[in-house]
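Undergrad: Have a look at this one.
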Amino acid sequence: MRNWNSLYDILSFPIGILYFAMTLLGIGNILTNSAFSVFFTMTNELVILLAEVCIRTGTFLVVNFPLFFMLRLVTRKSGSATGILSAFAGYIAYLTMTMCFAGSSLPSTAFSSILGLSITSARAKSLAGAVHYPLQTGVIGAGIVALIALYNYNRTRKRSDYNLFAFISKDTQCVIGTVILSAAAGFGMAYAWPYAVRTIHTAVEFISSDTTNPVNLMIYGVLDRFSSLLNIGAMIRTPFWYGSNGGTWLNMVGSSVAGDVNIWTAQAAIGGLTGMSGRFITPYYVLNIFA
């Protein structure tokens with residue numbers, strides 16, 4: 001029971017932040033998203049600016065949810081500013097390594113502009129020609145860095161004052177060790193994570209092979225919920241919500257509309273919703289459909 005209480009204490013704070021972020025996204029999107037123009041159109045400049053603030057703030061909080069989880073975990077277990085700072089530094093090193101060494105052949109949903117990190121360089125062939133972003137490994141990556149930070153923190157607390165590196169303070173050594181090990185973890189993840197991405201892609205292709213099959217939709221629902229818990233839900237949702245995996249539909253002028261969200265929006269705009277649209281977004285509250 002004590003372990004469950006500890007887990008709840010760790011998760012309750014970042015989940016509360018996530019709930020607040022989704023509320024901001026819902027408010028911002030309902031005021032500015034063109035999909036709601038069938039109901040009303042917002043023209044007030046001040047309201048539009050405030051809505052954009054809500055969207056940008058909410059997006060930042062959602063994208064960086066793993067960071068809040070990691071910091072909360074380290075804070076709960078170490079109770080020290082040293083542990084928190086070393087975890088943050090290690091997380092930056094981890095993200096940077098995945099950004100530099102992850103293959104560019106992966107789908108765009110495998111990457112995310114976490115903390116605004118991006119890189120492009122003409123001097124390195126693998127980084128030239130496009131902007132590269134860190135891999136979105138969600139809570140998994142953040143959890144790995146948190147464990148590394150806690151390991152280094154506990155190890156340095158037990159360090160003897162009589163050793164070769166005694167001139168380096170325990171706090172500094174904790175940060176250095178966390179950065180080095182986190183960078184190594186990021187390097188390994190850059191080569192291991194693509195296998196997980198390919199597995200998810202295979203599942204997406206299987207589901208999209210027959211979207212009228214209830215079993216396929218059930219598999220989608222299970223994968224969507226599981227990936228959402230790990231904060232990597234975009235890899236499951238995006239192909240169905242905005243890509244051809246979610247189906248296609250020809251509008252009145254003969255243009256093809258792809259993606260469940262786009263089809264639902266286009267049909268709602270002309271007042272002709274069909275039972276085939278909205279299958280992949282039905283479980284979501286309407287304010288957060290486009291969040």
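Identifiers in this document derive from the order of the structure tokens: chains are assigned A, B, ..., residues are numbered from 1 separately in each chain, and ligands are numbered from 1 in order of occurrence.
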Write out as a PyMOL selection string the residues lying within 12 Å of region 214-221 of chain A, counting only C-alpha atoms and excluding same-chain residues fewer than 3 positions away.

TA: chain A and resi 200-201+203-211+224-228+233+235-237+239-241+245-246+278-284

Undergrad: If you keep N, CA and C atoms, can you produce a file of those selected residues as an mmCIF file, in the first residue's frame?

TA:
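For reference, selection16.cif as written:
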```cif
data_model
loop_
_atom_site.group_PDB
_atom_site.id
_atom_site.type_symbol
_atom_site.label_atom_id
_atom_site.label_comp_id
_atom_site.auth_asym_id
_atom_site.auth_seq_id
_atom_site.Cartn_x
_atom_site.Cartn_y
_atom_site.Cartn_z
ATOM 1 N N ILE A 200 5.046 0.004 -33.979
ATOM 2 C CA ILE A 200 3.827 0.813 -33.958
ATOM 3 C C ILE A 200 3.311 1.034 -35.378
ATOM 4 N N HIS A 201 4.221 1.277 -36.314
ATOM 5 C CA HIS A 201 3.819 1.480 -37.712
ATOM 6 C C HIS A 201 3.151 0.226 -38.271
ATOM 7 N N ALA A 203 1.477 -1.957 -36.541
ATOM 8 C CA ALA A 203 0.148 -2.009 -35.930
ATOM 9 C C ALA A 203 -0.804 -1.033 -36.612
ATOM 10 N N VAL A 204 -0.310 0.150 -36.962
ATOM 11 C CA VAL A 204 -1.138 1.148 -37.648
ATOM 12 C C VAL A 204 -1.592 0.621 -39.003
ATOM 13 N N GLU A 205 -0.682 0.001 -39.736
ATOM 14 C CA GLU A 205 -1.029 -0.538 -41.047
ATOM 15 C C GLU A 205 -2.051 -1.670 -40.920
ATOM 16 N N PHE A 206 -1.905 -2.484 -39.883
ATOM 17 C CA PHE A 206 -2.860 -3.581 -39.679
ATOM 18 C C PHE A 206 -4.250 -3.035 -39.374
ATOM 19 N N ILE A 207 -4.329 -2.028 -38.507
ATOM 20 C CA ILE A 207 -5.624 -1.452 -38.150
ATOM 21 C C ILE A 207 -6.278 -0.800 -39.365
ATOM 22 N N SER A 208 -5.480 -0.068 -40.145
ATOM 23 C CA SER A 208 -6.037 0.657 -41.293
ATOM 24 C C SER A 208 -6.420 -0.267 -42.446
ATOM 25 N N SER A 209 -5.998 -1.526 -42.385
ATOM 26 C CA SER A 209 -6.349 -2.460 -43.458
ATOM 27 C C SER A 209 -7.850 -2.731 -43.501
ATOM 28 N N ASP A 210 -8.533 -2.564 -42.364
ATOM 29 C CA ASP A 210 -9.987 -2.747 -42.329
ATOM 30 C C ASP A 210 -10.542 -1.954 -41.148
ATOM 31 N N THR A 211 -10.828 -0.685 -41.393
ATOM 32 C CA THR A 211 -11.295 0.185 -40.307
ATOM 33 C C THR A 211 -12.769 -0.029 -39.973
ATOM 34 N N ASP A 224 -4.040 3.290 -28.337
ATOM 35 C CA ASP A 224 -4.135 4.730 -28.113
ATOM 36 C C ASP A 224 -4.065 5.059 -26.627
ATOM 37 N N ARG A 225 -4.786 4.305 -25.818
ATOM 38 C CA ARG A 225 -4.768 4.555 -24.374
ATOM 39 C C ARG A 225 -3.389 4.264 -23.785
ATOM 40 N N PHE A 226 -2.787 3.165 -24.219
ATOM 41 C CA PHE A 226 -1.481 2.781 -23.684
ATOM 42 C C PHE A 226 -0.412 3.795 -24.081
ATOM 43 N N SER A 227 -0.425 4.205 -25.351
ATOM 44 C CA SER A 227 0.575 5.172 -25.814
ATOM 45 C C SER A 227 0.357 6.539 -25.175
ATOM 46 N N SER A 228 -0.887 6.877 -24.874
ATOM 47 C CA SER A 228 -1.161 8.152 -24.212
ATOM 48 C C SER A 228 -0.553 8.182 -22.818
ATOM 49 N N GLY A 233 1.413 9.274 -27.739
ATOM 50 C CA GLY A 233 0.163 9.016 -28.442
ATOM 51 C C GLY A 233 0.128 9.538 -29.867
ATOM 52 N N MET A 235 2.112 9.097 -32.233
ATOM 53 C CA MET A 235 2.506 8.080 -33.210
ATOM 54 C C MET A 235 1.341 7.184 -33.602
ATOM 55 N N ILE A 236 0.342 7.080 -32.726
ATOM 56 C CA ILE A 236 -0.847 6.289 -33.032
ATOM 57 C C ILE A 236 -1.937 7.169 -33.631
ATOM 58 N N ARG A 237 -2.162 8.328 -33.049
ATOM 59 C CA ARG A 237 -3.297 9.159 -33.452
ATOM 60 C C ARG A 237 -3.098 9.853 -34.795
ATOM 61 N N PRO A 239 -1.557 9.319 -37.701
ATOM 62 C CA PRO A 239 -1.873 8.654 -38.979
ATOM 63 C C PRO A 239 -3.366 8.473 -39.218
ATOM 64 N N PHE A 240 -4.143 8.306 -38.141
ATOM 65 C CA PHE A 240 -5.581 8.102 -38.291
ATOM 66 C C PHE A 240 -6.343 9.428 -38.277
ATOM 67 N N TRP A 241 -5.921 10.353 -37.463
ATOM 68 C CA TRP A 241 -6.636 11.620 -37.357
ATOM 69 C C TRP A 241 -6.415 12.513 -38.570
ATOM 70 N N ASN A 245 -4.493 6.808 -43.264
ATOM 71 C CA ASN A 245 -4.860 5.615 -42.502
ATOM 72 C C ASN A 245 -6.240 5.747 -41.870
ATOM 73 N N GLY A 246 -6.668 6.987 -41.645
ATOM 74 C CA GLY A 246 -7.993 7.216 -41.072
ATOM 75 C C GLY A 246 -9.102 7.261 -42.098
ATOM 76 N N GLY A 278 -15.442 10.189 -37.843
ATOM 77 C CA GLY A 278 -15.388 10.367 -36.395
ATOM 78 C C GLY A 278 -15.177 9.097 -35.610
ATOM 79 N N ARG A 279 -14.862 8.001 -36.287
ATOM 80 C CA ARG A 279 -14.696 6.733 -35.570
ATOM 81 C C ARG A 279 -13.492 6.739 -34.642
ATOM 82 N N PHE A 280 -12.450 7.459 -35.030
ATOM 83 C CA PHE A 280 -11.225 7.452 -34.240
ATOM 84 C C PHE A 280 -11.162 8.596 -33.230
ATOM 85 N N ILE A 281 -12.161 9.466 -33.244
ATOM 86 C CA ILE A 281 -12.166 10.582 -32.298
ATOM 87 C C ILE A 281 -13.408 10.582 -31.422
ATOM 88 N N THR A 282 -14.285 9.634 -31.613
ATOM 89 C CA THR A 282 -15.536 9.586 -30.855
ATOM 90 C C THR A 282 -15.329 9.588 -29.343
ATOM 91 N N PRO A 283 -14.325 8.880 -28.797
ATOM 92 C CA PRO A 283 -14.193 8.839 -27.338
ATOM 93 C C PRO A 283 -13.758 10.153 -26.710
ATOM 94 N N TYR A 284 -13.408 11.153 -27.504
ATOM 95 C CA TYR A 284 -12.822 12.362 -26.950
ATOM 96 C C TYR A 284 -13.845 13.482 -26.830
#
```

Undergrad: If you run DSSP on the backbone here, which positions in region 35-214 of chain A get strand (DSSP E or B)? Please write them as a VMD selection string.

TA: chain A and resid 111 119 132 135

Undergrad: Region 157-161 of chain A: which residues within 12 Å, counting only C-alpha atoms, same-chain residues fewer than 4 positions away excluded, as number ranges by chain?

TA: A: 78, 80, 82-83, 150-153, 165-174

Undergrad: Grab the residues selected above and save them as a PDB file, in the first residue's frame with N, CA and C atoms.

TA:
```pdb
ATOM      1  N   SER A  78      14.817  12.124  -4.019  1.00  0.00           N
ATOM      2  CA  SER A  78      16.070  12.686  -3.513  1.00  0.00           C
ATOM      3  C   SER A  78      15.842  13.855  -2.564  1.00  0.00           C
ATOM      4  N   SER A  80      16.430  16.865  -3.101  1.00  0.00           N
ATOM      5  CA  SER A  80      17.590  17.746  -3.165  1.00  0.00           C
ATOM      6  C   SER A  80      17.596  18.511  -4.475  1.00  0.00           C
ATOM      7  N   THR A  82      20.228  19.355  -5.960  1.00  0.00           N
ATOM      8  CA  THR A  82      21.283  18.744  -6.771  1.00  0.00           C
ATOM      9  C   THR A  82      20.718  17.654  -7.667  1.00  0.00           C
ATOM     10  N   GLY A  83      19.863  16.822  -7.106  1.00  0.00           N
ATOM     11  CA  GLY A  83      19.246  15.768  -7.905  1.00  0.00           C
ATOM     12  C   GLY A  83      18.391  16.327  -9.025  1.00  0.00           C
ATOM     13  N   LEU A 150      19.056   9.636  -9.960  1.00  0.00           N
ATOM     14  CA  LEU A 150      18.953   9.138  -8.583  1.00  0.00           C
ATOM     15  C   LEU A 150      20.126   8.232  -8.237  1.00  0.00           C
ATOM     16  N   TYR A 151      20.552   7.419  -9.200  1.00  0.00           N
ATOM     17  CA  TYR A 151      21.703   6.543  -8.974  1.00  0.00           C
ATOM     18  C   TYR A 151      22.955   7.368  -8.687  1.00  0.00           C
ATOM     19  N   ASN A 152      23.192   8.382  -9.504  1.00  0.00           N
ATOM     20  CA  ASN A 152      24.378   9.214  -9.306  1.00  0.00           C
ATOM     21  C   ASN A 152      24.293  10.027  -8.024  1.00  0.00           C
ATOM     22  N   TYR A 153      23.109  10.472  -7.695  1.00  0.00           N
ATOM     23  CA  TYR A 153      22.953  11.247  -6.463  1.00  0.00           C
ATOM     24  C   TYR A 153      23.271  10.388  -5.241  1.00  0.00           C
ATOM     25  N   PHE A 165      39.321  12.040  -7.150  1.00  0.00           N
ATOM     26  CA  PHE A 165      38.540  13.192  -7.594  1.00  0.00           C
ATOM     27  C   PHE A 165      37.958  13.977  -6.419  1.00  0.00           C
ATOM     28  N   ALA A 166      38.673  13.982  -5.323  1.00  0.00           N
ATOM     29  CA  ALA A 166      38.188  14.679  -4.132  1.00  0.00           C
ATOM     30  C   ALA A 166      38.080  16.183  -4.352  1.00  0.00           C
ATOM     31  N   PHE A 167      38.842  16.705  -5.329  1.00  0.00           N
ATOM     32  CA  PHE A 167      38.794  18.147  -5.590  1.00  0.00           C
ATOM     33  C   PHE A 167      37.486  18.561  -6.272  1.00  0.00           C
ATOM     34  N   ILE A 168      36.733  17.578  -6.792  1.00  0.00           N
ATOM     35  CA  ILE A 168      35.425  17.860  -7.395  1.00  0.00           C
ATOM     36  C   ILE A 168      34.353  17.641  -6.334  1.00  0.00           C
ATOM     37  N   SER A 169      33.506  18.609  -6.154  1.00  0.00           N
ATOM     38  CA  SER A 169      32.466  18.487  -5.138  1.00  0.00           C
ATOM     39  C   SER A 169      31.500  17.360  -5.485  1.00  0.00           C
ATOM     40  N   LYS A 170      30.825  16.866  -4.479  1.00  0.00           N
ATOM     41  CA  LYS A 170      29.870  15.780  -4.691  1.00  0.00           C
ATOM     42  C   LYS A 170      28.736  16.209  -5.620  1.00  0.00           C
ATOM     43  N   ASP A 171      28.286  17.437  -5.464  1.00  0.00           N
ATOM     44  CA  ASP A 171      27.192  17.920  -6.310  1.00  0.00           C
ATOM     45  C   ASP A 171      27.618  18.003  -7.770  1.00  0.00           C
ATOM     46  N   THR A 172      28.817  18.533  -8.003  1.00  0.00           N
ATOM     47  CA  THR A 172      29.316  18.636  -9.375  1.00  0.00           C
ATOM     48  C   THR A 172      29.523  17.263  -9.988  1.00  0.00           C
ATOM     49  N   GLN A 173      30.051  16.347  -9.197  1.00  0.00           N
ATOM     50  CA  GLN A 173      30.265  14.991  -9.695  1.00  0.00           C
ATOM     51  C   GLN A 173      28.941  14.317 -10.037  1.00  0.00           C
ATOM     52  N   CYS A 174      27.917  14.624  -9.271  1.00  0.00           N
ATOM     53  CA  CYS A 174      26.591  14.064  -9.550  1.00  0.00           C
ATOM     54  C   CYS A 174      26.082  14.547 -10.907  1.00  0.00           C
TER      55      CYS A 174
END
```

Undergrad: Which residues are near Gly143 (chain A)? Cut-off 9 Å, only C-alpha atoms, ignore same chain within fewer than 6 positions. Put them as a ChimeraX atom specification.

TA: /A:66,69-70,73

Undergrad: Using CA of Pro14 (chain A) and CA of Arg72 (chain A) as the two end points, give the distance in Å to one decimal.

TA: 7.4 Å

Undergrad: Report as an MDAnalysis selection string: the residues of region 129-220 of chain A with a DSSP assignment of alpha helix (DSSP H), based on the backbone of this structure.

TA: chainID A and resid 138:157 170:208 214:220

Undergrad: Could you name the residues that touch Gly90 (chain A) at 10 Å or less, counting only C-alpha atoms, but leaving out those on the same chain fewer than 4 positions away, as a VMD selection string?

TA: chain A and resid 84 to 86 94 to 96 142 145 to 146 148 to 149 175 to 183 185 to 186

Undergrad: With a distance cut-off of 8 Å and only C-alpha atoms, select the neighbouring residues of Leu31 (chain A), excluding the residue or stretch itself and same-chain residues fewer than 2 positions from it, and output the selection as a list in words.

TA: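 My list of contacting residues is Ile27, Gly28, Asn29, Asn33, Phe36, Thr41, Met42, Val47, Ile48 and Ala51 of chain A.
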
Undergrad: Counting only C-alpha atoms, which residue out of A:Thr248, A:Thr120, A:Ser277, A:Thr238 sits closest to Ser108 (chain A)?

TA: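 The shortest atom-to-atom distance to Ser108 (chain A) comes from A:Thr238.
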
Undergrad: Using only C-alpha atoms, which residues sit within 7 Å of Gln136 (chain A) once same-chain residues fewer than 2 positions away are excluded, as a ChimeraX atom specification?

TA: /A:110-112,134,138,232

Undergrad: For Leu106 (chain A), which residue among A:Thr57, A:Thr23, A:Asn64, A:Thr199 is the nearest when counting only C-alpha atoms?

TA: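 Once distances to Leu106 (chain A) are computed over only C-alpha atoms, the minimum belongs to A:Thr199.
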